Amino acid sequence: MSEALKTKVAEVLNEPGCATNTAKSDGARKKGCTKQLTPGAAAGGCAFDGAMITLQPITDVAHLVHAPLACWGNGWDNRSSASSGSDLYRKGFTTDLSELDIVMGHGEKKLFRAIHEVIKEQSPAAVFVYATCVTALVGDDIEAVCKAATAKWGTPCIPVNVPGFVGSKNLGNKLGGEALLDHVIGTIEPETTTPYDINIIGDFNLSGEQWQVKPLLDKLGIRILGSISGDARYRQIAQMHRAKATMLVCSQALVNVARKMQERWGVPYFEGSFYGIADTSEALRKICGLLVEQGADIELLGRCEALIAEEEAKTWAALEPYRPRVAGKRVLLYTGGHKTWSVVAALQELGMEVVGTSMRKATQNDRARVVEIMGDASHMYENMAPREMYDALAAAKADVLLSGGRSQFVALKARMPWVDVNQEKHEPYAGYVGMVDLVRAIDRSVNNPIWAELRDPAPWETPLTGGVVLPAPKGACPVTNMKGAERAPTLLPQVAAAPLAAAAAPEAGLLDGLANSPTDFEDD
Amino acid sequence: MAALTHPRRALSTNPLKSSAPLGAALAYLGIERAVPLFHGAQGCTAFGMVHLVRHFKEAIPLQTTAMNEITTILGGSDQLEQAIENLRKRASPKFIGIASTALTETRGEDVAGELREMLARRKDFAETKVVYAATPDFDGGLQDGWTKAVEAILSALVPVTPAPDPDLRQVTLLTGSHLTPAEIDELVRLIRAFGLNPLVLPDISTSLDGHLAEDWSGCSLGGTPIDRIADVTRSAFTLAVGEQMRGAAQIIEEKASVPYRVFPSLTGLKAVDAFVRVLMELSGTQTPPPSVERDRSRLADAMLDAHFFTGGLKVAIGADPDLMFALSTTLNQMGAEIVTAVTTSQHSPLIEKMPCDEVILGDLGDFERGAKAAGAQILLTNSYGRMAADALHLPFVRVGFPVFDRIGAQDACRVGYRGTRAFLFEIANAVQSVHHTPRPEDFGATPLPEEFSHVPHPASC
């Protein structure tokens, strides 16, 4: 790996804006936050995957992956970030390096030509060029190629030097953000600015989540100037240094970008979330507060409070019909970061019981919030091995699992309702309306009649007892030629009463005796 | 007769092929209690796994040696050993199938040699069979990886048997990567109908068919039992499905003198007839089982019904060579014209036998351009073809891998008399799904004068 990349990785891993990092001892901090992966027991994506998560939602650019086939052939068009404009970002562009390209060292030349072809065919706003393990290993200098290509054709070519093997997906998220800081943000001045311009960083508009919140901002007259990177245009990102405030949504992923924008251009930021009712309100308050501090008219605060009051009342009214359908249901959360607590309050308010919430990727702050909301720390756990989770769910120690795609089949195969709350989900759950959608999804899932049917025994699992014995038929069977007399008497079953459900013994809690798994198999 | 063209360009737009290691992983999943292991960076496995999960809608046990930059440069044999050890601890697999990736192949590790040395040293690994296939991402696609994995399995686990003791009722069925679980089921049923007992390798029909097991496994949920693999030497005959299985059949022949025949396609009347003929010979029966006779006559009838829709139909197809060949020849025999054919690998003798002039070694960008230029009327490719189908407004039949925007991909069956029948209906119905009522303008006629038109009365009461 080049010296520049090494320095960049070290810098990103020692993030002063990260609460977990600042809480560490000097020695621990030096080590950075990389954890060594265990061969044969690892899960999750690579740094390249992470960089793509950060950058791919930028809709009007061509994302060109400089790699042999697998990096993008197996990975393109697999996310649900939505666009209100161009569809270019969904197309898969790669140099698809052959053995010959690699052995003969043709990589850089091929990349240069590929950039030219993609500009010619697609006329993108910019070309984002991604390095990968193999092209980094053979030493292709994508930064030089991008520089030459930008100079020759005028379309900005942005090098994203984040080969998979530098580390985890989370590190890749951050390095993807660094590429924007180094090459995009601040390169274009907006035509007009208003005191109501904000950036949203760390929201990827999955299934249109950003649009669940945007109407609220519209009502307050707040404009999303820049977005990393939900439904973003290249020009937006180039201009986002002129926003008055930044909301950082998924704090662990892109805190480096928010902090550096504050340092370089004086754009203040706060960390917030649009998951859950209280959080959405809190986020709106903070956005307005920051804007007023930055010079917006103070009347914004009053309008904000009025909007919050109106929306909260509307939301609770919309949720009320679900209360009898979801009250008492036991929910297991296997998510991470702010999601460990942000939806808990609303679920509890509706009478659901959260029997466990995973503290993956959670900061000290997240932990404090869980304790605050749930009363104590007894419902926190780190990671659960698939086997243990299967056993807990098969033993019906919860009524529904809220998690990401990796644990989907652990739940389903245990005949347990499952609701997708991570990146691959097909339904948006942000803002006030999103909370109603989430509760509706939980209702739809836990109250589906299939669970009872699936858990009932198969016909042969109940013995044929208490039937009526029919006399042996006369003559021979036309098919088997078997004589009636040779045949065993047939048992005509009586319809037996359905087996009684096992008496509900006072059961152990889901987390009792749980050993934390060293492998985090969920991946978001 | 077709020529293979390789567009001279640097940019690949919308890849058609899935990677070779993925194909190897899929083949390994056809072995009982197996875990495939990618020798590469963590991301290679993560992307591959997501791909498999999206297609099969199943938990896929797929692991990684988690190579980083340092271990790549220094060599990854320690990583490999640790991975095997950890996998044995966590999932107690009976079989670990290793596939290399572009990363480890670029470094040029002698994985096979290191593995031999390691397995000789680590006697405690003896209960787990470990097989290795070199499958760099930069050479070929899914089908090539599958082939290499099956050949690796046979090379490693089938003993040289100079004097085999054949079971005359047993035949080996070598399945190519293009067969779905339902298709393997169909072939097994056909073989059994002749009183023969098939030994299927690899058998994803019991591992990836989508069933609810009684417990959590951590390994493949079915597949060819590991101790049955050596029994291929006892089969009277090897039936290899797909040209890609020729090498595998030859390995068995070399080791145990088992004769074989390769069936490039088992879709289409003539192709299935040839298969049935061999089954008749192997079972020594002149009279087919009644079910087979009936299925053939039903296919014949289906061809009559479908030919109205397939005759002259302009088809664009994008798939791995064996699947492309099987479906293209079937449609061609039904009067269709293959106007665009795009494939993923140059390593197939079937390419030149394709019923068209040109086969492009390319991507879905080529596919879309070709289909548009040639005026294709129907598209056949994997789910990624949805972009082309949207752009060209054409009926689209999802075939191959991956199919992620429909459920039940494992149940698609296009082989045998019954599967061919279903395939012809599928094509004919896709053609009919685009409904067009003829208008005078279509033929250059002027519309009827408006004065003849009835004007609805205003509501009277």
# chains A, B, ... in the order shown; residues from 1 in each chain; ligands from 1
>>> select_by_dssp(residues="segment 132-327 of chain B", states="strand (DSSP E or B)", output="VMD selection string")
chain B and resid 132 to 133 167 to 174 197 to 201 224 235 to 241 260 to 263 314 to 318
>>> interface_residues(of="chain B", to="chain A", cutoff="6 Å", atoms="only C-alpha atoms", output="list in words")
Ala10, Leu11, Ser12, Thr13, Asn14, Pro15, Ser18, Ser19, Ala41, Gln42, Gly43, Ala46, Phe47, Ala59, Gln63, Thr64, Thr65, Ala66, Asn68, Glu69, Gln79, Gln82, Ala83, Asn86, Leu87, Leu103, Asp137 and Phe138 of chain B
>>> atom_distance(atom1="atom CA of Phe404 of chain B", atom2="atom CA of Met49 of chain B")
12.9 Å
>>> residues_around(residues="Val213 of chain A", least_positions_apart="2", cutoff="8 Å", atoms="only C-alpha atoms", output="ChimeraX atom specification")
/A:209-211,215-217,274,430-432
>>> write_last_selection(atoms="N, CA and C atoms", output="tab-separated table (two decimals), in the first residue's frame")
chain	number	residue	atom	x	y	z
A	209	GLU	N	-35.59	6.64	2.15
A	209	GLU	CA	-35.73	7.12	3.54
A	209	GLU	C	-35.60	8.64	3.67
A	210	GLN	N	-34.69	9.21	2.85
A	210	GLN	CA	-34.50	10.65	2.97
A	210	GLN	C	-35.79	11.40	2.62
A	211	TRP	N	-36.56	10.82	1.72
A	211	TRP	CA	-37.78	11.49	1.29
A	211	TRP	C	-38.89	11.37	2.32
A	215	PRO	N	-40.08	16.14	3.51
A	215	PRO	CA	-41.26	17.01	3.63
A	215	PRO	C	-41.23	17.87	4.89
A	216	LEU	N	-40.66	17.33	5.97
A	216	LEU	CA	-40.57	18.10	7.22
A	216	LEU	C	-39.65	19.30	7.02
A	217	LEU	N	-38.51	19.03	6.38
A	217	LEU	CA	-37.56	20.12	6.12
A	217	LEU	C	-38.17	21.13	5.16
A	274	PHE	N	-32.79	9.85	12.41
A	274	PHE	CA	-34.20	9.97	12.03
A	274	PHE	C	-34.96	8.69	12.29
A	430	ALA	N	-37.78	5.80	8.10
A	430	ALA	CA	-37.23	7.02	8.70
A	430	ALA	C	-38.33	8.02	9.02
A	431	GLY	N	-38.00	8.89	9.95
A	431	GLY	CA	-38.90	9.99	10.29
A	431	GLY	C	-40.15	9.50	10.99
A	432	TYR	N	-41.13	10.38	11.08
A	432	TYR	CA	-42.37	10.02	11.76
A	432	TYR	C	-43.14	8.96	10.98
>>> residues_around(residues="segment 186-201 of chain B", least_positions_apart="6", cutoff="9 Å", atoms="only C-alpha atoms", output="ChimeraX atom specification")
/B:27,30-31,150,168-175,223-224,228-229,231-232,235,276,279-280,282-283,285,288-289,291-292,413,415-416,418-419
>>> residues_around(residues="Arg259 of chain A", least_positions_apart="6", cutoff="9 Å", atoms="only C-alpha atoms", output="PyMOL selection string")
chain A and resi 16-17+267-269
>>> residues_around(residues="Gly295 of chain A", least_positions_apart="5", cutoff="10 Å", atoms="only C-alpha atoms", output="PyMOL selection string")
chain A and resi 195-196+244+290
>>> residues_around(residues="Gly385 of chain B", least_positions_apart="4", cutoff="9 Å", atoms="only C-alpha atoms", output="NGL selection string")
:B and (14 or 16 or 318 or 364 or 367-368 or 379-381 or 389-390 or 396 or 398)
>>> atom_distance(atom1="atom CA of Tyr89 of chain A", atom2="atom CA of Tyr130 of chain A")
13.6 Å
>>> select_by_dssp(residues="segment 16-70 of chain B", states="helix (DSSP H, G or I)", output="VMD selection string")
chain B and resid 20 to 28 42 to 56 69 to 70
